[in-house]
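Here's the structure, in structure tokens; my notes come after.
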Amino acid sequence: MDQTWNAPPDPQRFDPLVWEIARQIPAGKVFTYGQIAALIPPSPGVPAEEFGAHRARWAGSAMSRCPDDVPWQRVVNSQGKISFSNPKMQNRQRELLKAEGIEFDARERIDLAHYGWRGPGDDWLQAHGLLPPEQKFQQGSLL
DNA sequence: CGTTTGACTACGC
DNA sequence: CGCGTAGCCAAAC
């Protein structure tokens, strides 16, 4: 539970981008915190290395504050597991995902190879000022 | 005002 | 494959 650095230096820019990307995730698919964050350009003044080291957690932080129209249940961690520590919330997310046709294995894990979303199209990314195709997912090594 | 508590991930055992 | 650790902030109690 050592959370370290919870929020980006520019949540006003970062958070809305996280939410907008999450809104693109289709029902029946899931995306990870790290994958969302990997599409966002580094915050001004933050070294790429440092940004990469914390962005996934920052994405989680942004999701904790997301507007009602964001399908928050479709965002899981890099292991394909639900990231809530609160059991009540874990159940809520699991039920919502099951209702969308997503299956969990015996260890409460989702098979990302099968249910993982491939991400927004390059055209969409470009239109939203996000990372160009050649940099997509390549910043750091996070998922 | 000190403590507790987090929607993460990679990596080493 | 499961479990612990680093990272070392900040808002809510």
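In the structure tokens, chains take the letters A, B, ... in the order shown, each chain's residues start at 1, and ligands count up from 1 in the order shown.
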
Write out as a tab-separated table a residue-level contact list of range 67-86 of chain A versus range 3-8 of chain B with cut-off 12 Å: for each qualifying residue the closest pair of atoms and the distance in Å to one decimal, counting only C-alpha atoms (C1' of nucleotides), rows sorted by chain and residue number upward.
```
residue	atom	partner	partner_atom	distance
A:Trp72	CA	B:DA7	C1'	8.5
A:Gln73	CA	B:DA7	C1'	9.3
A:Arg74	CA	B:DA7	C1'	10.7
A:Val75	CA	B:DA7	C1'	7.9
A:Val76	CA	B:DA7	C1'	7.7
A:Asn77	CA	B:DC8	C1'	7.0
A:Ser78	CA	B:DC8	C1'	8.1
A:Gln79	CA	B:DC8	C1'	10.3
A:Lys81	CA	B:DA7	C1'	10.9
A:Ile82	CA	B:DA7	C1'	8.2
A:Ser83	CA	B:DA7	C1'	5.6
A:Phe84	CA	B:DA7	C1'	5.9
A:Ser85	CA	B:DG6	C1'	8.6
A:Asn86	CA	B:DA7	C1'	10.4
```

Exercise. Got a sec: who's within 8 Å of Ala22 in chain A, counting only C-alpha atoms (C1' of nucleotides), leaving out chain neighbours fewer than 3 positions off, as a PyMOL selection string?
Worked result: chain A and resi 18-19+25+31+36+70-72+74-75

Selected residues written out, all heavy atoms, as a short mmCIF file (atom, residue, chain, number, x, y, z; two decimals), in the first residue's frame:
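Everything below was put into out02.cif:
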```cif
data_model
loop_
_atom_site.label_atom_id
_atom_site.label_comp_id
_atom_site.auth_asym_id
_atom_site.auth_seq_id
_atom_site.Cartn_x
_atom_site.Cartn_y
_atom_site.Cartn_z
N VAL A 18 -7.47 11.05 -19.39
CA VAL A 18 -7.67 9.68 -18.92
C VAL A 18 -9.15 9.31 -19.11
O VAL A 18 -9.48 8.25 -19.65
CB VAL A 18 -7.32 9.55 -17.42
CG1 VAL A 18 -7.78 8.20 -16.86
CG2 VAL A 18 -5.81 9.69 -17.24
N TRP A 19 -10.03 10.21 -18.69
CA TRP A 19 -11.47 9.94 -18.80
C TRP A 19 -11.91 9.79 -20.25
O TRP A 19 -12.70 8.91 -20.57
CB TRP A 19 -12.27 11.08 -18.16
CG TRP A 19 -11.93 11.34 -16.72
CD1 TRP A 19 -11.43 10.43 -15.82
CD2 TRP A 19 -12.04 12.59 -16.01
NE1 TRP A 19 -11.24 11.05 -14.60
CE2 TRP A 19 -11.60 12.36 -14.69
CE3 TRP A 19 -12.47 13.87 -16.39
CZ2 TRP A 19 -11.59 13.38 -13.72
CZ3 TRP A 19 -12.45 14.87 -15.42
CH2 TRP A 19 -12.01 14.63 -14.10
N ILE A 25 -13.43 2.92 -24.53
CA ILE A 25 -13.38 1.46 -24.35
C ILE A 25 -14.76 0.87 -24.62
O ILE A 25 -15.73 1.25 -23.97
CB ILE A 25 -12.95 1.09 -22.92
CG1 ILE A 25 -11.65 1.81 -22.55
CG2 ILE A 25 -12.76 -0.43 -22.80
CD1 ILE A 25 -11.28 1.67 -21.07
N PHE A 31 -9.40 -2.29 -20.53
CA PHE A 31 -8.15 -1.60 -20.84
C PHE A 31 -7.45 -1.44 -19.49
O PHE A 31 -8.11 -1.48 -18.45
CB PHE A 31 -8.46 -0.23 -21.46
CG PHE A 31 -7.47 0.25 -22.48
CD1 PHE A 31 -6.90 -0.62 -23.39
CD2 PHE A 31 -7.09 1.59 -22.53
CE1 PHE A 31 -5.98 -0.17 -24.35
CE2 PHE A 31 -6.18 2.05 -23.49
CZ PHE A 31 -5.63 1.18 -24.40
N ILE A 36 -3.80 3.27 -20.64
CA ILE A 36 -4.40 4.59 -20.81
C ILE A 36 -3.31 5.64 -20.67
O ILE A 36 -3.13 6.51 -21.52
CB ILE A 36 -5.48 4.85 -19.73
CG1 ILE A 36 -6.71 4.01 -20.02
CG2 ILE A 36 -5.84 6.33 -19.68
CD1 ILE A 36 -7.82 4.15 -18.98
N VAL A 70 -18.31 8.01 -17.51
CA VAL A 70 -17.12 7.20 -17.84
C VAL A 70 -17.32 5.75 -17.41
O VAL A 70 -17.68 5.49 -16.26
CB VAL A 70 -15.87 7.78 -17.12
CG1 VAL A 70 -14.67 6.87 -17.37
CG2 VAL A 70 -15.59 9.18 -17.61
N PRO A 71 -17.13 4.80 -18.33
CA PRO A 71 -17.29 3.37 -18.00
C PRO A 71 -16.08 2.87 -17.20
O PRO A 71 -15.28 2.08 -17.69
CB PRO A 71 -17.39 2.72 -19.38
CG PRO A 71 -16.52 3.58 -20.24
CD PRO A 71 -16.81 4.98 -19.76
N TRP A 72 -15.98 3.34 -15.98
CA TRP A 72 -14.84 3.04 -15.10
C TRP A 72 -14.60 1.55 -14.88
O TRP A 72 -13.49 1.10 -14.63
CB TRP A 72 -15.04 3.72 -13.74
CG TRP A 72 -16.32 3.35 -13.07
CD1 TRP A 72 -17.52 3.99 -13.19
CD2 TRP A 72 -16.54 2.24 -12.21
NE1 TRP A 72 -18.47 3.33 -12.44
CE2 TRP A 72 -17.90 2.25 -11.84
CE3 TRP A 72 -15.73 1.22 -11.71
CZ2 TRP A 72 -18.48 1.29 -10.99
CZ3 TRP A 72 -16.29 0.25 -10.86
CH2 TRP A 72 -17.64 0.29 -10.52
N ARG A 74 -14.48 -0.72 -16.92
CA ARG A 74 -13.69 -1.36 -17.98
C ARG A 74 -12.20 -1.14 -17.84
O ARG A 74 -11.43 -1.52 -18.72
CB ARG A 74 -14.17 -0.86 -19.36
CG ARG A 74 -15.61 -1.28 -19.62
CD ARG A 74 -16.16 -0.70 -20.93
NE ARG A 74 -17.62 -0.86 -20.92
CZ ARG A 74 -18.47 -0.07 -21.59
NH1 ARG A 74 -18.02 0.91 -22.33
NH2 ARG A 74 -19.76 -0.28 -21.51
N VAL A 75 -11.79 -0.50 -16.77
CA VAL A 75 -10.36 -0.27 -16.56
C VAL A 75 -9.89 -1.15 -15.41
O VAL A 75 -10.41 -1.08 -14.30
CB VAL A 75 -10.08 1.21 -16.22
CG1 VAL A 75 -8.58 1.44 -16.12
CG2 VAL A 75 -10.68 2.12 -17.30
#
```

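Near chain A, the residues of chain C that fall inside 10 Å (using only C-alpha atoms (C1' of nucleotides)) are DT5, DA6, DG7, DC8, DC9 and DA10 of chain C.
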
Go ahead and save the residues from that selection, with N, CA, C and O atoms (P, O5', C5', C4', C3', O3' and C1' of nucleotides), as an mmCIF file, in the first residue's frame.
```
data_model
loop_
_atom_site.group_PDB
_atom_site.id
_atom_site.type_symbol
_atom_site.label_atom_id
_atom_site.label_comp_id
_atom_site.auth_asym_id
_atom_site.auth_seq_id
_atom_site.Cartn_x
_atom_site.Cartn_y
_atom_site.Cartn_z
ATOM 1 P P DT C 5 8.084 -6.415 2.301
ATOM 2 O "O5'" DT C 5 8.696 -5.674 1.038
ATOM 3 C "C5'" DT C 5 9.948 -6.120 0.503
ATOM 4 C "C4'" DT C 5 10.421 -5.155 -0.566
ATOM 5 C "C3'" DT C 5 10.141 -3.696 -0.177
ATOM 6 O "O3'" DT C 5 11.307 -2.912 -0.401
ATOM 7 C "C1'" DT C 5 9.216 -4.170 -2.306
ATOM 8 P P DA C 6 11.391 -1.484 0.239
ATOM 9 O "O5'" DA C 6 11.705 -0.609 -1.056
ATOM 10 C "C5'" DA C 6 12.627 -1.085 -2.041
ATOM 11 C "C4'" DA C 6 12.400 -0.325 -3.328
ATOM 12 C "C3'" DA C 6 12.241 1.188 -3.141
ATOM 13 O "O3'" DA C 6 12.907 1.851 -4.200
ATOM 14 C "C1'" DA C 6 10.333 0.334 -4.213
ATOM 15 P P DG C 7 13.338 3.361 -3.993
ATOM 16 O "O5'" DG C 7 12.089 4.178 -4.562
ATOM 17 C "C5'" DG C 7 11.907 4.239 -5.963
ATOM 18 C "C4'" DG C 7 10.628 4.990 -6.248
ATOM 19 C "C3'" DG C 7 10.307 6.138 -5.258
ATOM 20 O "O3'" DG C 7 9.928 7.325 -5.966
ATOM 21 C "C1'" DG C 7 8.464 4.733 -5.501
ATOM 22 P P DC C 8 10.555 8.677 -5.505
ATOM 23 O "O5'" DC C 8 9.753 9.082 -4.190
ATOM 24 C "C5'" DC C 8 8.399 9.507 -4.301
ATOM 25 C "C4'" DC C 8 7.820 9.670 -2.914
ATOM 26 C "C3'" DC C 8 8.569 10.659 -2.008
ATOM 27 O "O3'" DC C 8 7.623 11.291 -1.154
ATOM 28 C "C1'" DC C 8 8.490 8.565 -0.986
ATOM 29 P P DC C 9 7.380 12.848 -1.176
ATOM 30 O "O5'" DC C 9 5.936 13.022 -1.777
ATOM 31 C "C5'" DC C 9 5.793 13.193 -3.184
ATOM 32 C "C4'" DC C 9 4.336 13.328 -3.517
ATOM 33 C "C3'" DC C 9 3.648 14.422 -2.704
ATOM 34 O "O3'" DC C 9 2.699 15.094 -3.517
ATOM 35 C "C1'" DC C 9 2.623 12.329 -2.266
ATOM 36 P P DA C 10 2.108 16.530 -3.092
ATOM 37 O "O5'" DA C 10 0.534 16.334 -2.983
ATOM 38 C "C5'" DA C 10 -0.008 15.010 -2.965
ATOM 39 C "C4'" DA C 10 -1.406 15.019 -2.394
ATOM 40 C "C3'" DA C 10 -1.764 16.201 -1.510
ATOM 41 O "O3'" DA C 10 -3.167 16.237 -1.432
ATOM 42 C "C1'" DA C 10 -1.674 14.329 -0.178
#
```

Problem set entry | All helix (DSSP H, G or I) positions in range 26-130 of chain A, as a count of residues only | 47

For this session: Kindly determine which residues of chain A lie within 6 Å of chain B, considering only C-alpha atoms (C1' of nucleotides), and give the answer as a list in words.
Result: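 The answer, sorted by residue number, is Ala56, Arg57, Gly60, Met63, Ser64, Ser83 and Phe84 of chain A.
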
Selection export as a JSON list (two decimals), in the first residue's frame, atoms kept: C-alpha atoms:
```json
[["chain", "number", "residue", "atom", "x", "y", "z"],
["A", 56, "ALA", "CA", -0.24, 4.29, -14.22],
["A", 57, "ARG", "CA", -0.97, 5.21, -10.61],
["A", 60, "GLY", "CA", -5.90, 5.25, -11.25],
["A", 63, "MET", "CA", -10.33, 7.30, -12.43],
["A", 64, "SER", "CA", -11.22, 7.68, -8.77],
["A", 83, "SER", "CA", -7.77, -3.00, -8.45],
["A", 84, "PHE", "CA", -10.15, -1.96, -5.69]]
```

Problem set entry | Atom-to-atom span, CA of Arg109 in chain A and CA of Asp69 in chain A, Å |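 One can read the CA of Arg109 in chain A to CA of Asp69 in chain A distance as 25.1 Å.
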
Problem set entry | Atom-to-atom span, CA of Asp123 in chain A and CA of Pro11 in chain A, Å | 24.6 Å

Exercise. Of the candidates A:Arg107, A:Trp124, A:Leu96, A:Ala59, which one gets nearest to DC1 in chain C if we count only C-alpha atoms (C1' of nucleotides)?
Worked result: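 That would be A:Arg107, the residue with the smallest distance to DC1 in chain C.
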